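Trainee: I'd like to ask you about the structure that follows.
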Amino acid sequence: MKTRIAVLIMLVSAFWLAACATTPTTAPQTATPEPTPPLTEVNIVMGYVPHIQFAPFFVAEKKGYFAQAGIKVKYTWGFEAEGIKAVGANQAEFALLGGDQVLQARAQNIPLVYVANYYNAFPISIFSLKEKNIVTPQDLAGKKVGIPGFYGATYTGWRALLYEANLKDTDVKVQDVAFAQVAAINQNLVDAAAGYTNNEPVQLKMQGKEINVIQVGDYSKLVGIGLVTNEKMITDKPLIVRGVVVALTRAIQDTLANPKDALNLALPNLPEAGGTNLAMTQAIFDATLPLWKNPHVGWVDPVDWAASYKFMKDAEFIKTDFDFTQAYTNKFVP
């Protein structure tokens, strides 16, 4: 019995030694991780200066939504006309433009395509001191109204309001006050003025003025500002288009869900918005929040596009017939 046990021990020991001999003496090497692909840079022409109204873009950056889509955004700040020209000529991938501008571009065979809504309505208002008793469009008849020029979004919005209210140009005394609408109101040079909903009326309220505001969007179906690209991008780089749209709409939802967090994320990108200007920045931000609200963020009703096209034709902003359904798509909106 002792002999058998001794033999068994020898066999087990020999097996264990053999196993140890085949065991690596160093740790196995881990696989080299795949290099992270570089981000694709896209240029977005913003049509203005860096401003709190662009907070969702900064949210998308800070939260990594653009990066998750493989995208790095480069901003070009300037006039909206620059966006039309650059995107139309493939010198920039995207621009923020109004539906009216897209339709005018298409009428000139510039192949712009509106791919996501940013403002849910045309962001122009007619505002006046409360003492003027201008509450409805009909109250403007016979009044002096200041506009910052007979061109651009403000002029288009003004004409759209007259159109929907069945007022003629001759029913109202319109004058060019450049971009001094607030001063013109305060100095009683005009009875009312036209400007951006989230700008001039906010300034007057911050000055302690009691005002009445007529929102063009309450009367007109003009498609508001949105993200615009061109036909070539949609054909050649649809994943980039979708990536930007998804990141932006996600950031808009975050901004609406947590405005305070969005404001704090945006402020470092806007050095002039803090300090003594913080109260005004907050007020403008609060006035912009309603423009971002949409039951389906990023989506625009085709009915609004049809109404916009009809107005632009009737008001002779565009003078040629074309298929306006090619001017927009909702297919990239999540």
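How things are named: the first chain in the structure tokens is A, the next is B, and so on; residues count from 1 in each chain; ligands count from 1 in the order shown.
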Residues of region 165-235 of chain A in alpha helix (DSSP H) according to DSSP, as JSON, numbers by chain?
Mentor: {"A": [181, 182, 183, 184, 185, 186, 200, 201, 202, 203, 204, 205, 206, 231, 232, 233, 234, 235]}
Trainee: Using only C-alpha atoms, which residues sit within 12 Å of Ala184 (chain A) once same-chain residues fewer than 4 positions away are excluded, as a compact mmCIF listing (two decimals) with N, CA and C atoms, in the first residue's frame?
Mentor:
# COMPACT_ATOMS: atom_id res chain seq x y z
N PHE A 127 -43.38 95.75 -31.78
CA PHE A 127 -43.50 96.13 -30.38
C PHE A 127 -43.70 97.64 -30.26
N SER A 128 -44.35 98.02 -29.17
CA SER A 128 -44.68 99.42 -28.94
C SER A 128 -44.88 99.66 -27.45
N LEU A 129 -44.78 100.91 -27.04
CA LEU A 129 -45.07 101.24 -25.66
C LEU A 129 -46.55 101.00 -25.39
N LYS A 144 -47.00 105.11 -37.39
CA LYS A 144 -45.63 105.13 -37.89
C LYS A 144 -44.89 103.93 -37.32
N VAL A 145 -44.33 103.12 -38.21
CA VAL A 145 -43.63 101.92 -37.78
C VAL A 145 -42.19 101.96 -38.30
N GLY A 146 -41.24 101.74 -37.40
CA GLY A 146 -39.83 101.73 -37.78
C GLY A 146 -39.33 100.33 -38.04
N ILE A 147 -38.59 100.16 -39.12
CA ILE A 147 -37.97 98.88 -39.44
C ILE A 147 -36.49 99.13 -39.75
N PRO A 148 -35.64 98.13 -39.56
CA PRO A 148 -34.20 98.32 -39.78
C PRO A 148 -33.77 98.16 -41.24
N GLN A 175 -40.99 103.54 -41.92
CA GLN A 175 -39.76 104.29 -42.16
C GLN A 175 -38.56 103.49 -41.67
N ASP A 176 -37.45 103.69 -42.35
CA ASP A 176 -36.19 103.02 -42.02
C ASP A 176 -35.54 103.72 -40.84
N VAL A 177 -35.36 103.00 -39.74
CA VAL A 177 -34.69 103.56 -38.56
C VAL A 177 -33.37 102.83 -38.30
N ALA A 178 -32.87 102.13 -39.33
CA ALA A 178 -31.66 101.32 -39.20
C ALA A 178 -31.87 100.32 -38.06
N PHE A 179 -30.83 100.09 -37.26
CA PHE A 179 -30.96 99.14 -36.16
C PHE A 179 -31.11 99.87 -34.83
N ALA A 180 -31.75 101.03 -34.89
CA ALA A 180 -31.97 101.84 -33.68
C ALA A 180 -33.44 101.82 -33.29
N ASN A 188 -39.92 108.52 -29.26
CA ASN A 188 -41.23 108.78 -29.85
C ASN A 188 -41.14 109.17 -31.33
N LEU A 189 -40.11 108.65 -32.01
CA LEU A 189 -39.98 108.91 -33.44
C LEU A 189 -40.94 108.05 -34.23
N VAL A 190 -41.31 106.92 -33.65
CA VAL A 190 -42.27 106.00 -34.28
C VAL A 190 -43.24 105.51 -33.22
N ASP A 191 -44.37 105.01 -33.66
CA ASP A 191 -45.36 104.45 -32.73
C ASP A 191 -45.03 103.01 -32.37
N ALA A 192 -44.43 102.30 -33.31
CA ALA A 192 -44.08 100.90 -33.10
C ALA A 192 -42.85 100.60 -33.96
N ALA A 193 -42.24 99.45 -33.71
CA ALA A 193 -41.06 99.06 -34.49
C ALA A 193 -41.04 97.55 -34.64
N ALA A 194 -40.31 97.10 -35.65
CA ALA A 194 -40.16 95.67 -35.90
C ALA A 194 -38.76 95.22 -35.53
N GLU A 200 -34.96 93.22 -29.27
CA GLU A 200 -35.40 94.59 -28.94
C GLU A 200 -36.51 94.66 -27.88
N LEU A 204 -36.27 96.72 -24.15
CA LEU A 204 -37.23 97.69 -23.61
C LEU A 204 -37.74 97.26 -22.24
Trainee: For Lys62 (chain A), which residue out of A:Glu272, A:Asp301, A:Asp261, A:Glu164 is the nearest one, using only C-alpha atoms?
Mentor: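 Once distances to Lys62 (chain A) are computed over only C-alpha atoms, the minimum belongs to A:Asp261.
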Trainee: Pick the closest to Met46 (chain A) from A:Thr154, A:Ser220, A:Leu227, A:Thr136: which is it, counting only C-alpha atoms?
Mentor: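 For Met46 (chain A), the nearest of the given residues is A:Leu227.
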Trainee: Quick one: pick out all strand (DSSP E or B) residues within region 59-222 of chain A from a backbone DSSP run and write them as a PyMOL selection string.
Mentor: chain A and resi 71-76+94-98+112-117+124-129+144-147+173-176+192-196+211-215
Trainee: Closest to Asp321 (chain A) among A:Ala107, A:Ala89, A:Val102, A:Pro137, using only C-alpha atoms?
Mentor: A:Ala107
Trainee: Give one line per residue of region 159-266 of chain A that approaches region 287-297 of chain A to at most 7 Å, naming the two atoms of the closest pair and their distance in Å to one decimal, counting only C-alpha atoms; sort by chain then ascending residue number and deliver it as a tab-separated table.
Mentor:
residue	atom	partner	partner_atom	distance
A:Asn198	CA	A:Ala287	CA	5.2
A:Thr249	CA	A:Val297	CA	6.1
A:Ile252	CA	A:Trp292	CA	6.8
A:Leu256	CA	A:Leu289	CA	6.8
Trainee: Per residue of region 232-278 of chain A within 8 Å of region 63-67 of chain A, what are the shortest atom pair and its distance in Å to one decimal, counting only C-alpha atoms, with rows by chain and residue number, as a tab-separated table?
Mentor:
residue	atom	partner	partner_atom	distance
A:Gly243	CA	A:Phe66	CA	7.2
A:Val244	CA	A:Phe66	CA	6.6
A:Ala247	CA	A:Tyr65	CA	5.0
A:Leu248	CA	A:Tyr65	CA	7.9
A:Arg250	CA	A:Tyr65	CA	7.9
A:Ala251	CA	A:Tyr65	CA	7.7
Trainee: Keeping only all heavy atoms, write those residues as a tab-separated table (two decimals), in the first residue's frame.
Mentor:
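File produced: selection19.tsv:
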chain	number	residue	atom	x	y	z
A	243	GLY	N	-25.64	63.30	-38.39
A	243	GLY	CA	-24.91	63.48	-37.14
A	243	GLY	C	-25.08	64.87	-36.55
A	243	GLY	O	-25.30	65.02	-35.35
A	244	VAL	N	-25.00	65.89	-37.41
A	244	VAL	CA	-25.17	67.26	-36.93
A	244	VAL	C	-26.60	67.49	-36.46
A	244	VAL	O	-26.84	68.09	-35.41
A	244	VAL	CB	-24.79	68.27	-38.03
A	244	VAL	CG1	-25.10	69.70	-37.59
A	244	VAL	CG2	-23.30	68.15	-38.37
A	247	ALA	N	-27.23	65.62	-33.09
A	247	ALA	CA	-26.54	66.28	-31.99
A	247	ALA	C	-27.24	67.57	-31.59
A	247	ALA	O	-27.42	67.86	-30.40
A	247	ALA	CB	-25.09	66.55	-32.37
A	248	LEU	N	-27.64	68.36	-32.59
A	248	LEU	CA	-28.27	69.65	-32.31
A	248	LEU	C	-29.64	69.47	-31.66
A	248	LEU	O	-29.97	70.14	-30.67
A	248	LEU	CB	-28.39	70.47	-33.58
A	248	LEU	CG	-29.05	71.85	-33.43
A	248	LEU	CD1	-28.29	72.71	-32.43
A	248	LEU	CD2	-29.14	72.55	-34.78
A	250	ARG	N	-30.75	66.96	-29.99
A	250	ARG	CA	-30.56	66.42	-28.64
A	250	ARG	C	-30.18	67.55	-27.67
A	250	ARG	O	-30.68	67.60	-26.54
A	250	ARG	CB	-29.47	65.35	-28.67
A	250	ARG	CG	-29.25	64.63	-27.35
A	250	ARG	CD	-28.16	63.59	-27.50
A	250	ARG	NE	-27.88	62.92	-26.24
A	250	ARG	CZ	-26.87	62.07	-26.06
A	250	ARG	NH1	-26.06	61.77	-27.08
A	250	ARG	NH2	-26.67	61.51	-24.88
A	251	ALA	N	-29.33	68.46	-28.13
A	251	ALA	CA	-28.91	69.59	-27.28
A	251	ALA	C	-30.06	70.56	-27.03
A	251	ALA	O	-30.16	71.15	-25.94
A	251	ALA	CB	-27.74	70.31	-27.93
Trainee: For a test of reading the model, state the distance in Å between CA of Glu231 (chain A) and CA of Ala92 (chain A), rounded to one decimal.
Mentor: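 CA of Ala92 (chain A) lies at a distance of 12.6 Å from CA of Glu231 (chain A).
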Trainee: Write out as a list in words which residues come within 9 Å of region 322-325 of chain A when counting only C-alpha atoms, dropping same-chain ones fewer than 4 positions away.
Mentor: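 That gives Leu103, Arg106, Ala107, Pro302, Trp305, Ala306, Tyr309 and Thr329 of chain A.
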Trainee: As a VMD selection string, please: the residues near Val333 (chain A) (cut-off 8 Å, only C-alpha atoms, same-chain neighbours under 5 positions excluded).
Mentor: chain A and resid 115 to 116 242 245 to 246 249 297 to 299
Trainee: Applying 10 Å and only C-alpha atoms, which residues near Pro38 (chain A) remain after dropping the ones on its own chain fewer than 4 positions away? List them as a PDB file with N, CA and C atoms, in the first residue's frame.
Mentor:
ATOM      1  N   ALA A  67     -18.983  65.363 -31.043  1.00  0.00           N
ATOM      2  CA  ALA A  67     -17.849  64.432 -31.086  1.00  0.00           C
ATOM      3  C   ALA A  67     -18.326  62.991 -31.210  1.00  0.00           C
ATOM      4  N   GLY A  70     -18.712  62.008 -34.525  1.00  0.00           N
ATOM      5  CA  GLY A  70     -17.500  62.093 -35.327  1.00  0.00           C
ATOM      6  C   GLY A  70     -17.294  63.452 -35.964  1.00  0.00           C
ATOM      7  N   ILE A  71     -17.842  64.500 -35.336  1.00  0.00           N
ATOM      8  CA  ILE A  71     -17.873  65.822 -35.960  1.00  0.00           C
ATOM      9  C   ILE A  71     -17.216  66.868 -35.061  1.00  0.00           C
ATOM     10  N   LYS A  72     -16.476  67.761 -35.674  1.00  0.00           N
ATOM     11  CA  LYS A  72     -15.935  68.942 -35.010  1.00  0.00           C
ATOM     12  C   LYS A  72     -16.501  70.162 -35.735  1.00  0.00           C
TER      13      LYS A  72
END
Trainee: Point out the residue among A:Gln253, A:Gln138, A:Thr40, A:Asn90 with the least atom-to-atom distance to Tyr118 (chain A), counting only C-alpha atoms.
Mentor: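 Among A:Gln253, A:Gln138, A:Thr40, A:Asn90, it is A:Gln253 that comes nearest to Tyr118 (chain A).
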